[in-house]
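Novice: Below is the file entry_3.pdb, with PDB, C-alpha atoms and all ligand atoms.
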```
ATOM      1  CA  MET A   1    -108.304 -11.436-230.643
ATOM      2  CA  ARG A   2    -105.879  -9.963-228.150
ATOM      3  CA  ALA A   3    -105.733 -11.345-224.629
ATOM      4  CA  ARG A   4    -108.217 -10.064-222.095
ATOM      5  CA  ILE A   5    -106.634  -8.729-218.919
ATOM      6  CA  VAL A   6    -108.217  -9.122-215.495
ATOM      7  CA  THR A   7    -106.695  -7.373-212.484
ATOM      8  CA  VAL A   8    -107.612  -8.620-209.026
ATOM      9  CA  ALA A   9    -107.186  -5.738-206.606
ATOM     10  CA  GLN A  10    -108.217  -4.867-203.074
ATOM     11  CA  GLN A  11    -106.256  -2.736-200.614
ATOM     12  CA  LYS A  12    -107.293  -4.906-197.691
ATOM     13  CA  GLY A  13    -104.788  -7.647-196.877
ATOM     14  CA  GLY A  14    -106.112 -11.183-196.834
ATOM     15  CA  ALA A  15    -109.353 -10.330-198.603
ATOM     16  CA  GLY A  16    -109.046 -13.301-200.942
ATOM     17  CA  LYS A  17    -107.321 -11.821-204.034
ATOM     18  CA  THR A  18    -104.869 -14.624-204.734
ATOM     19  CA  THR A  19    -107.460 -17.305-204.007
ATOM     20  CA  LEU A  20    -109.967 -15.737-206.390
ATOM     21  CA  LEU A  21    -107.301 -15.380-209.066
ATOM     22  CA  VAL A  22    -106.127 -18.993-209.002
ATOM     23  CA  GLN A  23    -109.718 -20.211-209.047
ATOM     24  CA  LEU A  24    -110.626 -18.208-212.128
ATOM     25  CA  ALA A  25    -107.337 -19.050-213.842
ATOM     26  CA  THR A  26    -107.771 -22.809-213.378
ATOM     27  CA  ALA A  27    -111.464 -22.728-214.293
ATOM     28  CA  ALA A  28    -110.709 -20.817-217.502
ATOM     29  CA  ALA A  29    -107.836 -23.148-218.356
ATOM     30  CA  SER A  30    -110.079 -26.174-217.812
ATOM     31  CA  THR A  31    -112.325 -24.901-220.625
ATOM     32  CA  GLY A  32    -109.367 -24.800-222.989
ATOM     33  CA  ARG A  33    -108.507 -21.125-222.778
ATOM     34  CA  ARG A  34    -104.824 -20.212-222.807
ATOM     35  CA  VAL A  35    -104.218 -18.502-219.494
ATOM     36  CA  ALA A  36    -101.341 -16.515-218.000
ATOM     37  CA  VAL A  37    -101.059 -15.446-214.364
ATOM     38  CA  VAL A  38     -98.877 -12.529-213.314
ATOM     39  CA  ASP A  39     -97.707 -11.892-209.759
ATOM     40  CA  ILE A  40     -96.792  -8.301-208.907
ATOM     41  CA  ASP A  41     -97.134  -8.873-205.156
ATOM     42  CA  PRO A  42     -93.732  -9.084-203.381
ATOM     43  CA  GLN A  43     -95.351 -11.526-200.908
ATOM     44  CA  ALA A  44     -95.324 -13.901-203.891
ATOM     45  CA  SER A  45     -98.257 -16.116-202.810
ATOM     46  CA  LEU A  46     -99.259 -16.719-206.410
ATOM     47  CA  THR A  47     -95.652 -17.571-207.215
ATOM     48  CA  GLY A  48     -95.665 -20.110-204.374
ATOM     49  CA  TRP A  49     -98.861 -21.669-205.690
ATOM     50  CA  MET A  50     -97.334 -21.926-209.176
ATOM     51  CA  ARG A  51     -94.243 -23.582-207.730
ATOM     52  CA  ILE A  52     -96.338 -26.297-206.058
ATOM     53  CA  ARG A  53     -98.363 -26.651-209.237
ATOM     54  CA  THR A  54     -95.314 -27.821-211.169
ATOM     55  CA  HIS A  55     -95.599 -31.126-209.249
ATOM     56  CA  GLU A  56     -99.036 -31.615-210.816
ATOM     57  CA  ALA A  57     -97.841 -30.623-214.280
ATOM     58  CA  ARG A  58     -98.741 -33.937-215.888
ATOM     59  CA  THR A  59    -102.371 -33.848-214.820
ATOM     60  CA  VAL A  60    -103.449 -30.197-215.103
ATOM     61  CA  PRO A  61    -103.414 -27.580-217.862
ATOM     62  CA  ALA A  62    -100.245 -25.488-218.065
ATOM     63  CA  LEU A  63    -100.497 -21.833-217.128
ATOM     64  CA  ARG A  64     -98.088 -19.196-218.333
ATOM     65  CA  PHE A  65     -96.567 -17.351-215.400
ATOM     66  CA  ALA A  66     -94.563 -14.234-214.648
ATOM     67  CA  MET A  67     -93.449 -12.612-211.418
ATOM     68  CA  VAL A  68     -92.528  -8.986-212.011
ATOM     69  CA  GLY A  69     -92.103  -5.726-210.163
ATOM     70  CA  GLY A  70     -95.053  -3.423-210.829
ATOM     71  CA  TRP A  71     -92.820  -1.130-212.893
ATOM     72  CA  ARG A  72     -92.115  -3.945-215.377
ATOM     73  CA  LEU A  73     -95.724  -4.994-215.747
ATOM     74  CA  GLY A  74     -96.288  -3.235-219.057
ATOM     75  CA  VAL A  75     -93.354  -4.953-220.744
ATOM     76  CA  GLU A  76     -94.451  -8.342-219.395
ATOM     77  CA  LEU A  77     -98.038  -7.877-220.568
ATOM     78  CA  ASP A  78     -96.872  -6.916-224.039
ATOM     79  CA  ARG A  79     -94.841 -10.129-224.111
ATOM     80  CA  LEU A  80     -97.609 -12.422-222.806
ATOM     81  CA  ALA A  81    -100.687 -10.936-224.433
ATOM     82  CA  PRO A  82    -100.097 -12.278-227.968
ATOM     83  CA  GLU A  83     -99.578 -15.803-226.611
ATOM     84  CA  VAL A  84    -102.687 -16.301-224.457
ATOM     85  CA  ASP A  85    -106.419 -15.577-224.315
ATOM     86  CA  LEU A  86    -106.599 -14.414-220.728
ATOM     87  CA  VAL A  87    -104.136 -12.754-218.332
ATOM     88  CA  LEU A  88    -104.897 -12.470-214.620
ATOM     89  CA  ILE A  89    -102.822 -10.086-212.491
ATOM     90  CA  ASP A  90    -102.490 -10.512-208.723
ATOM     91  CA  THR A  91    -101.735  -7.281-206.875
ATOM     92  CA  PRO A  92    -100.354  -6.549-203.399
ATOM     93  CA  PRO A  93    -102.436  -5.104-200.560
ATOM     94  CA  HIS A  94    -101.664  -1.613-199.239
ATOM     95  CA  ALA A  95    -100.022  -0.560-202.502
ATOM     96  CA  GLU A  96    -102.017   1.964-204.424
ATOM     97  CA  SER A  97     -99.383   2.780-207.024
ATOM     98  CA  GLU A  98     -98.852  -0.872-207.998
ATOM     99  CA  ALA A  99    -102.585  -1.461-208.153
ATOM    100  CA  LYS A 100    -102.993   1.647-210.294
ATOM    101  CA  GLY A 101    -100.621   0.387-213.001
ATOM    102  CA  ALA A 102    -102.348  -2.991-213.089
ATOM    103  CA  ILE A 103    -105.817  -1.429-213.161
ATOM    104  CA  ARG A 104    -104.827   0.854-216.016
ATOM    105  CA  ARG A 105    -104.052  -2.176-218.196
ATOM    106  CA  ALA A 106    -107.157  -4.153-217.186
ATOM    107  CA  ASP A 107    -110.236  -4.932-219.252
ATOM    108  CA  LEU A 108    -111.919  -5.897-215.994
ATOM    109  CA  VAL A 109    -111.080  -5.233-212.350
ATOM    110  CA  LEU A 110    -112.255  -7.722-209.725
ATOM    111  CA  VAL A 111    -112.492  -6.620-206.110
ATOM    112  CA  PRO A 112    -112.845  -9.578-203.744
ATOM    113  CA  CYS A 113    -114.627  -8.611-200.579
ATOM    114  CA  GLN A 114    -115.485 -10.538-197.434
ATOM    115  CA  PRO A 115    -118.703  -9.572-195.685
ATOM    116  CA  SER A 116    -117.013  -7.334-193.123
ATOM    117  CA  PRO A 117    -116.966  -3.571-192.655
ATOM    118  CA  ALA A 118    -113.173  -3.378-193.023
ATOM    119  CA  ASP A 119    -113.244  -5.151-196.392
ATOM    120  CA  ILE A 120    -116.068  -2.949-197.599
ATOM    121  CA  TRP A 121    -114.310   0.252-196.515
ATOM    122  CA  ALA A 122    -111.109  -0.847-198.222
ATOM    123  CA  SER A 123    -112.967  -1.636-201.455
ATOM    124  CA  ARG A 124    -113.701   2.033-202.015
ATOM    125  CA  ALA A 125    -110.109   2.888-202.955
ATOM    126  CA  THR A 126    -110.095   0.253-205.687
ATOM    127  CA  PHE A 127    -113.456   1.275-207.126
ATOM    128  CA  GLU A 128    -112.249   4.873-207.181
ATOM    129  CA  LEU A 129    -109.057   3.900-208.985
ATOM    130  CA  ALA A 130    -111.014   1.859-211.516
ATOM    131  CA  ALA A 131    -113.437   4.727-212.116
ATOM    132  CA  LYS A 132    -110.564   7.146-212.608
ATOM    133  CA  GLU A 133    -109.020   4.842-215.192
ATOM    134  CA  ARG A 134    -112.460   4.163-216.734
ATOM    135  CA  ARG A 135    -112.178   0.447-216.187
ATOM    136  CA  PRO A 136    -115.183  -1.782-215.458
ATOM    137  CA  ALA A 137    -115.021  -3.264-211.972
ATOM    138  CA  ARG A 138    -117.016  -5.902-210.120
ATOM    139  CA  LEU A 139    -117.095  -6.657-206.444
ATOM    140  CA  VAL A 140    -116.927 -10.398-205.820
ATOM    141  CA  TRP A 141    -118.165 -11.625-202.461
ATOM    142  CA  THR A 142    -115.882 -14.223-200.989
ATOM    143  CA  ARG A 143    -115.776 -16.316-197.798
ATOM    144  CA  MET A 144    -119.489 -15.717-197.770
ATOM    145  CA  PRO A 145    -121.490 -17.576-195.090
ATOM    146  CA  ALA A 146    -124.808 -18.917-196.338
ATOM    147  CA  ARG A 147    -126.857 -16.465-194.318
ATOM    148  CA  GLY A 148    -126.923 -14.276-191.248
ATOM    149  CA  ARG A 149    -127.194 -10.726-190.092
ATOM    150  CA  VAL A 150    -123.593  -9.881-190.975
ATOM    151  CA  VAL A 151    -124.206 -10.965-194.560
ATOM    152  CA  GLU A 152    -127.382  -8.932-194.878
ATOM    153  CA  GLU A 153    -125.700  -5.843-193.476
ATOM    154  CA  ALA A 154    -122.738  -6.256-195.798
ATOM    155  CA  ARG A 155    -124.995  -6.601-198.841
ATOM    156  CA  ALA A 156    -126.939  -3.526-197.804
ATOM    157  CA  ALA A 157    -123.762  -1.491-197.320
ATOM    158  CA  VAL A 158    -122.428  -2.405-200.772
ATOM    159  CA  GLY A 159    -125.860  -1.715-202.260
ATOM    160  CA  ARG A 160    -125.750   1.800-200.814
ATOM    161  CA  GLU A 161    -122.348   2.348-202.408
ATOM    162  CA  GLY A 162    -123.793   1.266-205.737
ATOM    163  CA  TRP A 163    -120.766  -0.830-206.673
ATOM    164  CA  PRO A 164    -121.465  -3.345-209.448
ATOM    165  CA  THR A 165    -121.410  -6.757-207.826
ATOM    166  CA  ALA A 166    -121.148 -10.231-209.302
ATOM    167  CA  VAL A 167    -124.169 -12.415-208.622
ATOM    168  CA  ALA A 168    -121.971 -15.507-208.249
ATOM    169  CA  GLU A 169    -120.179 -15.666-204.894
ATOM    170  CA  LEU A 170    -117.488 -17.794-203.296
ATOM    171  CA  GLY A 171    -118.495 -19.387-200.021
ATOM    172  CA  ASN A 172    -116.344 -19.862-196.951
ATOM    173  CA  ARG A 173    -114.992 -23.310-197.735
ATOM    174  CA  GLN A 174    -111.957 -25.259-196.647
ATOM    175  CA  VAL A 175    -111.520 -26.690-200.142
ATOM    176  CA  TYR A 176    -110.350 -23.253-201.315
ATOM    177  CA  VAL A 177    -107.519 -23.428-198.788
ATOM    178  CA  ALA A 178    -106.766 -27.115-199.317
ATOM    179  CA  SER A 179    -106.656 -26.926-203.118
ATOM    180  CA  PHE A 180    -104.416 -23.855-202.957
ATOM    181  CA  ALA A 181    -101.974 -25.831-200.825
ATOM    182  CA  ARG A 182    -101.785 -28.439-203.612
ATOM    183  CA  GLY A 183    -101.211 -25.918-206.412
ATOM    184  CA  LEU A 184    -104.668 -26.619-207.804
ATOM    185  CA  GLY A 185    -107.985 -24.899-208.272
ATOM    186  CA  VAL A 186    -111.201 -26.354-206.897
ATOM    187  CA  VAL A 187    -112.359 -27.270-210.415
ATOM    188  CA  GLU A 188    -109.341 -29.577-210.522
ATOM    189  CA  ALA A 189    -109.284 -30.793-206.904
ATOM    190  CA  GLU A 190    -113.028 -31.370-206.518
ATOM    191  CA  PRO A 191    -114.667 -30.843-209.902
ATOM    192  CA  LYS A 192    -118.071 -31.988-208.667
ATOM    193  CA  GLY A 193    -118.044 -30.003-205.437
ATOM    194  CA  ALA A 194    -120.068 -26.942-204.513
ATOM    195  CA  ALA A 195    -117.003 -24.689-204.672
ATOM    196  CA  ALA A 196    -116.288 -25.725-208.254
ATOM    197  CA  GLY A 197    -119.895 -24.844-209.081
ATOM    198  CA  GLU A 198    -119.416 -21.380-207.577
ATOM    199  CA  VAL A 199    -116.245 -20.731-209.522
ATOM    200  CA  ARG A 200    -117.703 -21.932-212.830
ATOM    201  CA  ALA A 201    -120.783 -19.774-212.284
ATOM    202  CA  LEU A 202    -118.586 -16.741-211.643
ATOM    203  CA  LEU A 203    -116.475 -17.361-214.737
ATOM    204  CA  GLU A 204    -119.586 -17.788-216.843
ATOM    205  CA  GLU A 205    -121.106 -14.606-215.473
ATOM    206  CA  LEU A 206    -117.942 -12.638-216.215
ATOM    207  CA  SER A 207    -117.420 -14.162-219.671
ATOM    208  CA  PRO A 208    -119.338 -11.465-221.581
ATOM    209  CA  LEU A 209    -116.870  -8.936-220.143
ATOM    210  CA  LEU A 210    -113.929 -11.020-221.297
TER
HETATM  211  N1  LIG B   1    -113.527 -18.475-200.150
HETATM  212  C1  LIG B   1    -112.677 -18.800-199.181
HETATM  213  N2  LIG B   1    -112.994 -19.731-198.240
HETATM  214  C2  LIG B   1    -112.134 -20.042-197.259
HETATM  215  N3  LIG B   1    -110.928 -19.492-197.110
HETATM  216  C3  LIG B   1    -110.542 -18.560-197.996
HETATM  217  C4  LIG B   1    -111.386 -18.166-199.089
HETATM  218  N4  LIG B   1    -110.727 -17.212-199.798
HETATM  219  C5  LIG B   1    -109.548 -17.034-199.199
HETATM  220  N5  LIG B   1    -109.417 -17.831-198.119
HETATM  221  C6  LIG B   1    -108.268 -17.892-197.198
HETATM  222  O1  LIG B   1    -108.069 -16.587-196.666
HETATM  223  C7  LIG B   1    -106.676 -16.284-196.574
HETATM  224  C8  LIG B   1    -106.378 -15.037-197.408
HETATM  225  O2  LIG B   1    -106.670 -15.332-198.763
HETATM  226  P1  LIG B   1    -105.745 -14.801-199.938
HETATM  227  O3  LIG B   1    -104.322 -15.097-199.691
HETATM  228  O4  LIG B   1    -106.354 -15.269-201.210
HETATM  229  O5  LIG B   1    -105.993 -13.234-199.778
HETATM  230  P2  LIG B   1    -105.184 -12.032-200.442
HETATM  231  O6  LIG B   1    -106.137 -10.918-200.587
HETATM  232  O7  LIG B   1    -104.483 -12.508-201.656
HETATM  233  O8  LIG B   1    -104.117 -11.715-199.309
HETATM  234  P3  LIG B   1    -102.907 -10.656-199.444
HETATM  235  O9  LIG B   1    -103.536  -9.309-199.300
HETATM  236  O10 LIG B   1    -101.996 -11.013-198.301
HETATM  237  O11 LIG B   1    -102.288 -10.868-200.791
HETATM  238  C9  LIG B   1    -105.941 -17.518-197.066
HETATM  239  O12 LIG B   1    -105.575 -18.278-195.956
HETATM  240  C10 LIG B   1    -106.990 -18.226-197.924
HETATM  241  O13 LIG B   1    -106.754 -19.605-197.966
HETATM  242 MG    MG B   2    -102.508 -12.275-202.202
END
```
Please express the file's structure as structure tokens.

Specialist:
Amino acid sequence: MRARIVTVAQQKGGAGKTTLLVQLATAAASTGRRVAVVDIDPQASLTGWMRIRTHEARTVPALRFAMVGGWRLGVELDRLAPEVDLVLIDTPPHAESEAKGAIRRADLVLVPCQPSPADIWASRATFELAAKERRPARLVWTRMPARGRVVEEARAAVGREGWPTAVAELGNRQVYVASFARGLGVVEAEPKGAAAGEVRALLEELSPLL
């Protein structure tokens, strides 16, 4: 079977794209899937995470990696796809044309969204791009507090938009930041923790689409 391609996209800066990507990549790799991660964001956060990860190389599964300009993405995907089961692409914020190319190649588009009006407004552009390219997309709540008025309002706003939304959510947890700083995912840094449970639940929920 050819590799499944997941593009993580969201115009809003700092929404949680790179964090979501490394979590899913490491969780998938921990189940034995062959995973590649591709950075098309010139900020190169994913590239930085991969660089730190090399220090942990003896204890964690290897991930294939490429950093490419958006214009070279197609060539890179053609190269990687036969060698892995899953490719995850991290995209830059504020860059519709780059996101468009990555969405066009995706089997699934993930749109991380924090429970804030600005994140929700920015999500629209990505859902529109995905619809135009006829690609399935899922909103993934991230940095989600357990409860509160802000959360309820955010859920209601997304419900009104009708965007398909993953049931599994990532909470607002320091372990996401701390594990990133070590080049790890939470399933590796704290496999028994609540965050690892969230990430595994999300991967499992998305599996039928992959
Ligand atoms: N679930 C979470 N809980 C706590 N902190 C988080 C969570 N997700 C992301 N963060 C933190 O929020 C910040 C932004 O996250 P991240 O870099 O993943 O966003 P991004 O969308 O990739 O940003 P950019 O648009 O700049 O590429 C980082 O400091 C990250 O550690
Ligand atoms: Mg990023």

Novice: Pick from A:Val60, A:Val37, A:Leu77, A:Ala154: nearest to A:Ala25, with all atoms listed in the file counted?

Specialist: A:Val37

Novice: Counting all atoms listed in the file, figure out which residue out of A:Thr126, A:Thr26, A:Gln11, A:Asn172 gets nearest to ligand MG 2 (chain B).

Specialist: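 Going through A:Thr126, A:Thr26, A:Gln11, A:Asn172 one by one, the smallest distance to ligand MG 2 (chain B) is for A:Gln11.
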
Novice: Within 8 Å of A:Leu202, counting all atoms listed in the file, which residues qualify if same-chain residues fewer than 5 places away don't, as a ChimeraX atom specification?

Specialist: /A:166-169

Novice: Just want the residues within 12 Å of ligand MG 2 (chain B), written as an MDAnalysis selection string, counting all atoms listed in the file.

Specialist: chainID A and resid 8:22 38:49 89:95 112 180

Novice: Can you build me a table of stretch 162-196 of chain A residues sitting at most 12 Å from stretch 130-148 of chain A, with the closest atom pair per residue and its distance in Å to one decimal, using all atoms listed in the file, sorted by chain and residue number, as a Markdown table?

Specialist:
```
| residue | atom | partner | partner_atom | distance |
| --- | --- | --- | --- | --- |
| A:Gly162 | CA | A:Leu139 | CA | 10.4 |
| A:Trp163 | CA | A:Leu139 | CA | 6.9 |
| A:Pro164 | CA | A:Arg138 | CA | 5.2 |
| A:Thr165 | CA | A:Leu139 | CA | 4.5 |
| A:Ala166 | CA | A:Val140 | CA | 5.5 |
| A:Val167 | CA | A:Val140 | CA | 8.0 |
| A:Ala168 | CA | A:Val140 | CA | 7.6 |
| A:Glu169 | CA | A:Trp141 | CA | 5.1 |
| A:Leu170 | CA | A:Thr142 | CA | 4.5 |
| A:Gly171 | CA | A:Met144 | CA | 4.4 |
| A:Asn172 | CA | A:Arg143 | CA | 3.7 |
| A:Arg173 | CA | A:Arg143 | CA | 7.0 |
| A:Gln174 | CA | A:Arg143 | CA | 9.8 |
| A:Val175 | CA | A:Arg143 | CA | 11.5 |
| A:Tyr176 | CA | A:Arg143 | CA | 9.5 |
| A:Val177 | CA | A:Arg143 | CA | 10.9 |
| A:Ala195 | CA | A:Arg143 | CA | 10.9 |
```

Novice: For the residues in the current selection, export C-alpha atoms as an mmCIF file, in the coordinates of the input.

Specialist:
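Writing done, so here's again-v5.cif:
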```cif
data_model
loop_
_atom_site.group_PDB
_atom_site.id
_atom_site.type_symbol
_atom_site.label_atom_id
_atom_site.label_comp_id
_atom_site.auth_asym_id
_atom_site.auth_seq_id
_atom_site.Cartn_x
_atom_site.Cartn_y
_atom_site.Cartn_z
ATOM 1 C CA GLY A 162 -123.793 1.266 -205.737
ATOM 2 C CA TRP A 163 -120.766 -0.830 -206.673
ATOM 3 C CA PRO A 164 -121.465 -3.345 -209.448
ATOM 4 C CA THR A 165 -121.410 -6.757 -207.826
ATOM 5 C CA ALA A 166 -121.148 -10.231 -209.302
ATOM 6 C CA VAL A 167 -124.169 -12.415 -208.622
ATOM 7 C CA ALA A 168 -121.971 -15.507 -208.249
ATOM 8 C CA GLU A 169 -120.179 -15.666 -204.894
ATOM 9 C CA LEU A 170 -117.488 -17.794 -203.296
ATOM 10 C CA GLY A 171 -118.495 -19.387 -200.021
ATOM 11 C CA ASN A 172 -116.344 -19.862 -196.951
ATOM 12 C CA ARG A 173 -114.992 -23.310 -197.735
ATOM 13 C CA GLN A 174 -111.957 -25.259 -196.647
ATOM 14 C CA VAL A 175 -111.520 -26.690 -200.142
ATOM 15 C CA TYR A 176 -110.350 -23.253 -201.315
ATOM 16 C CA VAL A 177 -107.519 -23.428 -198.788
ATOM 17 C CA ALA A 195 -117.003 -24.689 -204.672
#
```

Novice: Of the candidates A:Gly70, A:Pro115, A:Pro61, A:Gly32, which shows the shortest atom-to-atom distance to ligand LIG 1 (chain B), using all atoms listed in the file?

Specialist: A:Pro115

Novice: Atom C6 of ligand LIG 1 (chain B) and atom CA of A:His55, how far apart in Å?

Specialist: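 Atom C6 of ligand LIG 1 (chain B) lies 21.9 Å from atom CA of A:His55.
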
Novice: Determine the nearest neighbour of ligand LIG 1 (chain B) from the options A:Arg2, A:Arg182, A:Lys192, A:Arg72, counting all atoms listed in the file.

Specialist: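 Checking each candidate against ligand LIG 1 (chain B), we get A:Arg182 as the closest.
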
Novice: Would you write out, as a PyMOL selection string, every residue that the PyMOL selection byres (((chain A and resi 196) around 10) and not hetatm) captures in this file?

Specialist: chain A and resi 23+27+170+175-176+185-195+197-202

Novice: For ligand LIG 1 (chain B), which residue out of A:Val84, A:Val150, A:Leu73, A:Ala99 is the nearest one, using all atoms listed in the file?

Specialist: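 The answer is A:Ala99, which sits nearest to ligand LIG 1 (chain B).
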
Novice: Report, in Å with one decimal, the straight-line distance from atom CA of A:Arg53 to atom CA of A:Ser207.

Specialist: 25.1 Å

Novice: Just the number, please: distance in Å from atom CA of A:Arg34 to atom CA of A:Leu63, one decimal.

Specialist: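 That distance, rounded to one decimal, is 7.3 Å.
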
Novice: Have a look at A:Thr7, A:Thr31, A:Ser179, A:Thr54 and name the one nearest to ligand LIG 1 (chain B); count only C-alpha atoms and all ligand atoms.

Specialist: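 Among A:Thr7, A:Thr31, A:Ser179, A:Thr54, it is A:Ser179 that comes nearest to ligand LIG 1 (chain B).
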
Novice: Please report, as AutoDock Vina command-line options, the centre and edge lengths in Å to one decimal of an axis-aligned box covering all listed atoms of stretch 152-161 of chain A with 5 Å per side.

Specialist:
```
--center_x -124.9 --center_y -3.3 --center_z -197.9 --size_x 15.0 --size_y 21.3 --size_z 18.9
```

Novice: So that I can check the surroundings of A:Leu209, please list as a PyMOL selection string every protein, DNA and RNA residue that reaches within 9 Å of it, counting all atoms listed in the file and ignoring chain neighbours fewer than 4 positions away.

Specialist: chain A and resi 4+107-108+136+205

Novice: Just to be explicit: take each residue in the selection above, keep C-alpha atoms, and write the result as a JSON list (two decimals), keeping the file's coordinate frame.

Specialist:
```
[["chain", "number", "residue", "atom", "x", "y", "z"],
["A", 4, "ARG", "CA", -108.22, -10.06, -222.10],
["A", 107, "ASP", "CA", -110.24, -4.93, -219.25],
["A", 108, "LEU", "CA", -111.92, -5.90, -215.99],
["A", 136, "PRO", "CA", -115.18, -1.78, -215.46],
["A", 205, "GLU", "CA", -121.11, -14.61, -215.47]]
```

Novice: Write out as a PyMOL selection string the residues lying within 6 Å of A:Leu86, counting all atoms listed in the file and excluding same-chain residues fewer than 4 positions away.

Specialist: chain A and resi 3-5+35

Novice: Find the residues with any atom within 12 Å of (-122.9, -0.1, -197.3); use only C-alpha atoms and the coordinates as given in the file, and write the answer as a ChimeraX atom specification.

Specialist: /A:115-124,150-163

Novice: How would stretch 116-130 of chain A look written as a PDB file, in the first residue's frame with N, CA and C atoms?

Specialist:
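Here's the written file decode.pdb:
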```pdb
ATOM      1  N   SER A 116      -9.993  29.690  20.728  1.00  0.00           N
ATOM      2  CA  SER A 116     -10.002  31.157  20.727  1.00  0.00           C
ATOM      3  C   SER A 116     -10.591  31.632  19.414  1.00  0.00           C
ATOM      4  N   PRO A 117     -11.262  32.786  19.452  1.00  0.00           N
ATOM      5  CA  PRO A 117     -11.877  33.280  18.205  1.00  0.00           C
ATOM      6  C   PRO A 117     -10.874  33.405  17.067  1.00  0.00           C
ATOM      7  N   ALA A 118      -9.668  33.902  17.342  1.00  0.00           N
ATOM      8  CA  ALA A 118      -8.704  34.115  16.258  1.00  0.00           C
ATOM      9  C   ALA A 118      -8.327  32.796  15.584  1.00  0.00           C
ATOM     10  N   ASP A 119      -8.152  31.754  16.374  1.00  0.00           N
ATOM     11  CA  ASP A 119      -7.828  30.440  15.786  1.00  0.00           C
ATOM     12  C   ASP A 119      -8.996  29.937  14.940  1.00  0.00           C
ATOM     13  N   ILE A 120     -10.193  30.135  15.454  1.00  0.00           N
ATOM     14  CA  ILE A 120     -11.365  29.633  14.729  1.00  0.00           C
ATOM     15  C   ILE A 120     -11.530  30.396  13.415  1.00  0.00           C
ATOM     16  N   TRP A 121     -11.374  31.723  13.464  1.00  0.00           N
ATOM     17  CA  TRP A 121     -11.489  32.498  12.221  1.00  0.00           C
ATOM     18  C   TRP A 121     -10.460  32.040  11.207  1.00  0.00           C
ATOM     19  N   ALA A 122      -9.235  31.818  11.678  1.00  0.00           N
ATOM     20  CA  ALA A 122      -8.154  31.448  10.755  1.00  0.00           C
ATOM     21  C   ALA A 122      -8.355  30.049  10.173  1.00  0.00           C
ATOM     22  N   SER A 123      -9.103  29.209  10.876  1.00  0.00           N
ATOM     23  CA  SER A 123      -9.318  27.837  10.395  1.00  0.00           C
ATOM     24  C   SER A 123     -10.103  27.813   9.091  1.00  0.00           C
ATOM     25  N   ARG A 124     -10.925  28.816   8.890  1.00  0.00           N
ATOM     26  CA  ARG A 124     -11.807  28.828   7.723  1.00  0.00           C
ATOM     27  C   ARG A 124     -11.020  28.692   6.419  1.00  0.00           C
ATOM     28  N   ALA A 125      -9.917  29.439   6.321  1.00  0.00           N
ATOM     29  CA  ALA A 125      -9.137  29.425   5.072  1.00  0.00           C
ATOM     30  C   ALA A 125      -8.675  28.005   4.747  1.00  0.00           C
ATOM     31  N   THR A 126      -8.260  27.279   5.770  1.00  0.00           N
ATOM     32  CA  THR A 126      -7.756  25.920   5.535  1.00  0.00           C
ATOM     33  C   THR A 126      -8.888  24.975   5.148  1.00  0.00           C
ATOM     34  N   PHE A 127     -10.028  25.089   5.821  1.00  0.00           N
ATOM     35  CA  PHE A 127     -11.155  24.231   5.445  1.00  0.00           C
ATOM     36  C   PHE A 127     -11.615  24.541   4.021  1.00  0.00           C
ATOM     37  N   GLU A 128     -11.551  25.812   3.643  1.00  0.00           N
ATOM     38  CA  GLU A 128     -11.942  26.159   2.272  1.00  0.00           C
ATOM     39  C   GLU A 128     -10.975  25.575   1.251  1.00  0.00           C
ATOM     40  N   LEU A 129      -9.683  25.669   1.569  1.00  0.00           N
ATOM     41  CA  LEU A 129      -8.678  25.082   0.666  1.00  0.00           C
ATOM     42  C   LEU A 129      -8.894  23.576   0.530  1.00  0.00           C
ATOM     43  N   ALA A 130      -9.117  22.926   1.664  1.00  0.00           N
ATOM     44  CA  ALA A 130      -9.299  21.467   1.638  1.00  0.00           C
ATOM     45  C   ALA A 130     -10.546  21.101   0.824  1.00  0.00           C
TER      46      ALA A 130
END
```
